[in-house]
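See below for the structure under consideration.
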Protein chains: 2
Amino acid sequence: MENTTPRIGAPDAAELALIDRYWRAANYLSVGQIYLMDNPLLRRPLLSEHIKPRLLGHWGTTPGLNFIYAHLNRIIRARDLDMIYICGPGHGGPGMVANTWLEGTYSEIYPDISDDAEGMRKLFRQFSFPGGIPSHAAAETPGSINEGGELGYALVHAYGAVFDNPDLIAACVIGDGEAETGPMAASWHSNKFINPARDGAVLPILHLNGYKIANPTLLGRCDDDDLRQLFHGYGYRPIFVEGADPARMHQLMAAAFDRAFDEIRAIQNDALTGNAAPRSIPHWPMIILRSPKGWTGPKEVDGKKVEGFWRAHQVPVAGCREDEGHRQILEQWMRGYNPDDLFDGNGRLKPELRQLAPAGGRRMGANANANGGRLRKALAVPDIRDYAVLVAKRGEIQAESTKIFGEYLRDIFRLNADNANFRLFGPDETASNRLSSVFEATNRVWMEDTEPYDEQLSRDGRVMEVLSEHLCQGWLEGYLLTGRHGLFSCYEAFIHIVDSMFNQHAKWLKVSRALPWRKPVSSLNYLLSSHVWRQDHNGFSHQDPGFVDLVANKKADIVRVYFPPDANTLLWVGDHCLKTYDRINVIVAGKQPEPQWLSMDEAVKHCEAGLGIWDWAGNEDGTTAPDVVMACAGDVPTMETLAAVELLRRHLPELRIRVINVVDLMALQSNEQHPHGHTDEFFDQLFTPDRPVIFAYHGYPFLIHRLTYKRQNHANIHVHGFMEEGTTTTPFDMTVLNKLDRFHLAIAAVKRVPDLKDSAKAAAAIDWLNARLDEHYHYVREHGDDLPEVKDWVWKKIS
Amino acid sequence: MENTTPRIGAPDAAELALIDRYWRAANYLSVGQIYLMDNPLLRRPLLSEHIKPRLLGHWGTTPGLNFIYAHLNRIIRARDLDMIYICGPGHGGPGMVANTWLEGTYSEIYPDISDDAEGMRKLFRQFSFPGGIPSHAAAETPGSINEGGELGYALVHAYGAVFDNPDLIAACVIGDGEAETGPMAASWHSNKFINPARDGAVLPILHLNGYKIANPTLLGRCDDDDLRQLFHGYGYRPIFVEGADPARMHQLMAAAFDRAFDEIRAIQNDALTGNAAPRSIPHWPMIILRSPKGWTGPKEVDGKKVEGFWRAHQVPVAGCREDEGHRQILEQWMRGYNPDDLFDGNGRLKPELRQLAPAGGRRMGANANANGGRLRKALAVPDIRDYAVLVAKRGEIQAESTKIFGEYLRDIFRLNADNANFRLFGPDETASNRLSSVFEATNRVWMEDTEPYDEQLSRDGRVMEVLSEHLCQGWLEGYLLTGRHGLFSCYEAFIHIVDSMFNQHAKWLKVSRALPWRKPVSSLNYLLSSHVWRQDHNGFSHQDPGFVDLVANKKADIVRVYFPPDANTLLWVGDHCLKTYDRINVIVAGKQPEPQWLSMDEAVKHCEAGLGIWDWAGNEDGTTAPDVVMACAGDVPTMETLAAVELLRRHLPELRIRVINVVDLMALQSNEQHPHGHTDEFFDQLFTPDRPVIFAYHGYPFLIHRLTYKRQNHANIHVHGFMEEGTTTTPFDMTVLNKLDRFHLAIAAVKRVPDLKDSAKAAAAIDWLNARLDEHYHYVREHGDDLPEVKDWVWKKIS
């Protein structure tokens with residue numbers, strides 16, 4: 001392919017010499033950040049007090065990152081490319097900061113860090129310093145959409161960024177440490193979801209410097225033939241750049257990039273002109289760069305090998321404040337870059353080097369795609385009332401909530417087709433989670449071959465399905481951070497697979513919200529269906545509602561958790577979440593047919609409050625407090641609560657019952673703890689200061705206690721939820737195993753009402769309820785199905 | 001290689017015909033489990049009432065699993081192999097159950113499911129039926145060490161099983177759905193940790209049936225050349241078996257297995273005899289099996305393609321109880337296997353087929369390695385007193401707790417060298433977590449090439465390091481489940497990467513503990529170091545103490561969480577955990593130099609109770625209750641609490657302070673909730689019924705509330721912990737950002753003591769403490785280091 005497209009602007013020796021100086025400048029600035037708090041240009045002898053008291057930061061990966069950055073600058077200028085730089089290797093911060101300072105973006109964003117000697121001093125000082133910046137590429141770093149702290153997600157972020165971004169190229173550096181992670185090993189297959197006629201391109205640059213913290217790396221020690229075959233098998237054409245001699249390496253790298261970008265252009269041109277090869281998916285170019293760890297740093301310290309070994313990983317020469325010999329090594333190392341050849345008298349990068357960086361928005365630190373809020377267009381949304389379930393008689397009509405929501409999503413696809421800025425992500429569960437209506441508007445992305453009998457696959461689909469929660473999450477993060485919108489639909493139990501990715505995204509949002517220059521990005525929305533109470537058929541491994549516990553640990557500003565009890569509430573919640581930004585919204589909703597409770601008007605009012613009394617379900621007389629509060633959060637707990645209320649009202653009609661439903665879990669908290677929280681007065685009005693509350697909750701009971709432990713009535717709140725009792729059984733048996741069923745809830749209520757609990761009536765009611773549990777136990781084990789009275793139960797208001 | 005080793009026992013046509021019948025028997029039993037609750041042998045016409053009311057289970061993958069099982073039986077018999085079968089594909093339960101019933105192990109383990117017609121009826125009925133068994137290979141399944149619910153871990157479990165098991169072969173079937181997951185994509189590299197002279201072998205069988213739930217699979221649609229290169233690059237020699245015609249496929253499969261086991265034997269022989277090829281790591285054989293999804297099932301139902309398509313995934317023909325036409329399809333399908341040709345009049349497998357299974361412990365369902373407790377030898381442990389830190393003066397001596405514990409681990413390696421049954425796992429963090437003493441006794445496993453300057457690498461090492469928490473966790477699980485011992489040392493924040501694997505292992509333990517035939521396996525032990533309070537230098541992404549919140553959701557019997565505050569307590573806790581079984585123990589301990597508090601005698605006593613009063617730290621007079629309780633859990637919170645106590649006692653000497661340290665977090669719970677819990681009386685004696693408790697906790701504060709919310713004094717417990725405030729800063733500044741530092745703790749105490757809080761003394765003390773916080777704020781930002789008074793602080797008892 002590389003023979004058919006002319007190469008553009010192969011650099012001459014003079015240009016390569018300039019690039020080498022630029023690289024040296026970036027290396028100098030990187031070392032300076034790790035070590036110095038004063039005397040940045042070394043225009044005075046290096047003294048102890050110029051060295052930071054705590055030497056933090058990582059040198060090992062940095063010279064390679066800088067080398068790549070300098071060469072990407074060249075090719076951006078030569079071809080006017082729209083490119084972002086995804087820095088995968090851990091602790092690569094010094095390099096990214098150095099390069100964005102050199103190209104001017106750092107000082108534009110942080111004017112206090114000016115582009116002169118005083119700015120350089122501050123740049124050095126702030127790095128890994130209290131009140132300063134972290135040692136990773138991070139939200140604080142201009143041009144970054146990837147935090148280099150937890151490894152493994154660089155490549156999946158890169159692919160997320162280029163979907164629907166035909167002009168964008170994401171150059172993605174992957175360290176050989178990071179390459180050992182599971183998410184990264186799967187991410188290479190993301191190329192099978194790139195449509196070259198519609199999407200941008202990713203150029204993976206696998207940077208093999210041979211070592212992790214204290215070990216060689218698996219890929220670093222692979223021979224080239226195995227590597228070539230591995231990546232060919234993944235669907236790439238590897239281009240090797242190997243060596244340690246800078247002059248030679250500059251030539252190789254320039255040629256490699258020329259070839260790679262020729263190939264990318266050829267693939268894209270072929271796709272656009274319909275000349276694509278008969279094989280569906282092209283093998284995309286990638287670079288395999290072998291360069292020494294800690295390249296250009298000290299070769300040896302105290303007689304021990306450093307450059308080209310794991311000792312170069314972090315701070316190659318330590319104790320420079322105290323140890324004069326070490327300080328000399330540092331000074332010699334830094335002076336070796338010849339700073340006076342790089343920076344002028346004012347500490348500014350010399351003009352002939354400044355011109356090596358691209359201009360304006362072409363600079364990778366200034367590329368708008370890496371600050372996606374700048375490009376974000378609000379999602380066009382239909383009116384949720386157009387999908388509302390008509391609830392003629394409460395509880396009688398049944399609907400699959402996620403199916404209704406799927407119709408809404410279908411029209412989201414239609415309304416935003418021109419903007420091409422919405423995608424749905426899921427691990428092969430879109431249909432299983434009953435969202436199939438979306439396939440009336442779009443298809444699944446599928447670039448490999450298709451068979452005549454395949455369904456709902458297309459190169460232009462906007463539904464992303466792959467059996468990897470890691471890829472779904474990572475693609476969506478990359479897509480959102482570049483200014484688009486999306487939803488991740490997942491089985492509830494298996495969202496734990498991405499717990500740590502959720503964590504890191506929440507941390508990213510917390511930091512980026514505090515940076516005025518980072519514009520808001522769309523919220524990361526989870527729709528967790530196939531939840532614990534409806535995984536009776538899939539068994540214990542599929543039963544886990546604990547993700548929201550993790551979510552609740554995060555900063556209140558960032559997280560929201562919703563349990564819509566029916567389709568209309570799900571419509572409101574889903575619509576609301578898709579309009580928010582800089583948040584993580586978790587929606588837990590059922591996919592099975594289930595009773596519908598609220599009209600759309602009622603749903604809107606209920607959801608806006610987050611929680612409320614369902615007075616149509618209770619039987620308060622309005623004059624005194626109720627005898628018992630039956631509270632619920634989650635679709636199945638809501639149904640079981642209403643069934644329990646019906647039983648109680650039938651058997652103990654004098655009992656005054658209040659029913660409260662909670663849609664927005666955070667609304668349980670105090671208004672001082674969460675923006676959606678309510679005052680103690682309001683909470684007491686609802687939950688009473690002293691009456692027993694039987695709370696049927698979707699997940700692990702503790703979370704309700706945790707959210708309410710400061711409330712006056714907390715000691716009277718008795719939570720029923722998932723107690724880690726699961727197996728393959730019937731839906732109703734799942735609730736019985738965990739005492740979340742109507743019978744146990746009714747028994748709990750009877751036992752807790754002070755005026756009632758020791759009465760003969762109470763004893764009779766409890767006997768009757770226990771007999772129902774016995775009956776259930778035997779019936780389900782004999783028939784393999786739930787009691788007809790339970791299966792066919794329909795809410796009937798007892799008046 | 002396959003030409004140099006003679007093939008053993010290539011099967012003739014008669015034997016293949018028998019294998020085909022055996023396969024048909026397994027397929028018949030698999031379909032029966034999904035559909036039937038009566039009439040198992042179809043000796044009567046199939047009626048509606050014979051069909052289960054809820055049709056659950058998955059057919060798609062099953063015939064392939066059965067095909068493989070039958071051929072593995074042949075090769076086990078032919079070569080007297082010691083083999084286990086790891087069933088990766090989701091919902092492969094019917095096949096595993098069918099085969100273990102055919103070989104007799106099922107009825108031996110579950111005598112109620114006899115090996116005749118009545119047993120077959122019960123076998124069918126119990127499958128995915130209330131009170132029965134799940135649809136996955138699971139703990140209930142004889143011969144399994146892998147639960148097929150959450151996908152991705154089959155291969156890593158297989159490798160874990162064969163480490164130090166030279167005679168064992170783990171045949172591991174990987175579905176093409178599962179192959180898309182991240183953990184699986186990384187697992188292929190596990191071969192780089194197999195020493196053929198010391199370990200057993202894994203035979204991966206990639207089963208490409210082309211579809212997931214509702215989509216084609218990525219690898220299923222790859223062409224053979226890309227697949228061959230991909231797996232060659234991973235370090236394998238793929239052998240393809242492709243087709244749909246059973247007769248031809250039997251020949252191909254038999255030949256493929258002959259070749260694969262020839263190659264395995266050759267690799268092992270070469271290693272044992274020193275004849276290994278110059279290249280360090282052999283390319284191990286693997287099978288790529290392409291067979292139709294739902295092979296031998298209905299070709300079409302209602303005019304829609306089923307066999308060879310995703311519609312065969314679950315129940316290929318639904319509604320057979322109600323729909324007579326569908327029932328006929330089912331009956332025809334089952335009769336097509338010709339049950340009378342397979343089972344005798346009593347429903348027993350015919351004798352000529354019975355003999356196809358291996359005998360006794362060679363049957364894969366009976367292999368002791370898949371019920372590791374049967375093989376487990378207790379770990380030999382040294383006396384922890386030999387490593388005790390001598391605490392001459394409390395708080396003055398400093399030690400790195402994990403370093404001391406590393407010395408203990410070193411001797412664990414030495415003492416158990418002959419049994420070769422202990423390994424240490426970590427993502428390149430053994431040295432970083434200060435456990436380097438282990439390298440005096442062993443090395444890291446490294447099979448790839450080494451350089452002369454490499455350190456602590458060896459083919460015979462017992463420390464497993466790879467930059468993948470998924471691999472560490474999965475290897476350890478496989479190692480434990482086959483009867484050995486181990487420890488996973490990990491950065492605290494990044495253990496979240498394996499949240500879902502932890503979940504699944506906890507579920508496995510819960511189920512297996514209830515199965516009398518499953519013998520106890522060693523506990524899964526985590527040592528989480530580099531924790532949130534000592535990741536000041538690595539920044540926000542590295543700061544997350546939330547894993548224990550997830551752990552606390554699991555069944556009380558199974559989980560333990562320890563926060564040893566110093567080296568001697570860590571020694572006791574680590575030693576204790578290594579002796580336990582069927583549990584998951586989480587130990588959170590610091591790696592930095594920190595004050596030592598307890599002598600070994602005191603540590604033993606303290607740890608046995610789980611929590612206790614440190615009377616040497618407080619100043620109660622023994623006559624009245626204290627004014628305030630200062631409680632702490634975690635090494636840094638303990639140090640800050642003692643520093644706060646020192647400040648309080650200096651400034652407010654009349655304040656009566658009680659200090660409580662908590663080592664075993666579960667000891668905070670009620671004895672009714674957790675076996676390590678304590679009674680309310682005991683809790684009240686410690687924490688008082690009414691005095692303010694300032695609780696300095698290592699993690700998110702909510703967990704303490706959750707564990708204590710039922711205690712009488714709960715409203716007075718004020719928890720300081722991680723509030724998701726992190727960045728790159730100094731260690732002490734991390735505690736200040738989260739109000740866990742000595743000054744905030746002391747202020748909290750002063751403000752909460754009723755008799756004190758409004759006094760002038762209190763105001764003066766608070767002013768002074770706030771001034772210290774101001775001083776800290778400015779000092780740290782100017783000097784980049786902590787205040788000397790904080791950094792050099794040493795506990796001094798104020799008398």
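Simple scheme: letters A, B, ... for chains in structure tokens order, numbers from 1 for residues in each chain, numbers from 1 for ligands in the order shown.
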
As a VMD selection string, please: the residues near region 143-159 of chain B (cut-off 6 Å, only C-alpha atoms, same-chain neighbours under 4 positions excluded). (chain A and resid 541) or (chain B and resid 88 90 136 to 138 170 178 181 183 to 184 187 364 to 366 370 474 to 475 478)

For chain A, list the residues within 6 Å of chain B, counting only C-alpha atoms, and write the list as a ChimeraX atom specification. /A:128-130,134,149,180-183,185-186,226-227,229-230,233,467-468,496-497,500,539,541,706,728-729,781,784

Contacts of region 757-764 of chain A within 9 Å, only C-alpha atoms, excl. fewer than 5 positions in-chain, as a VMD selection string: chain A and resid 651 to 652 747 749 to 752 769

Surrounding residues of Ala256 (chain A) excluding itself and chain neighbours under 5 positions, 10 Å, only C-alpha atoms, as a ChimeraX atom specification: /A:238-241,250-251,261-262,285-289
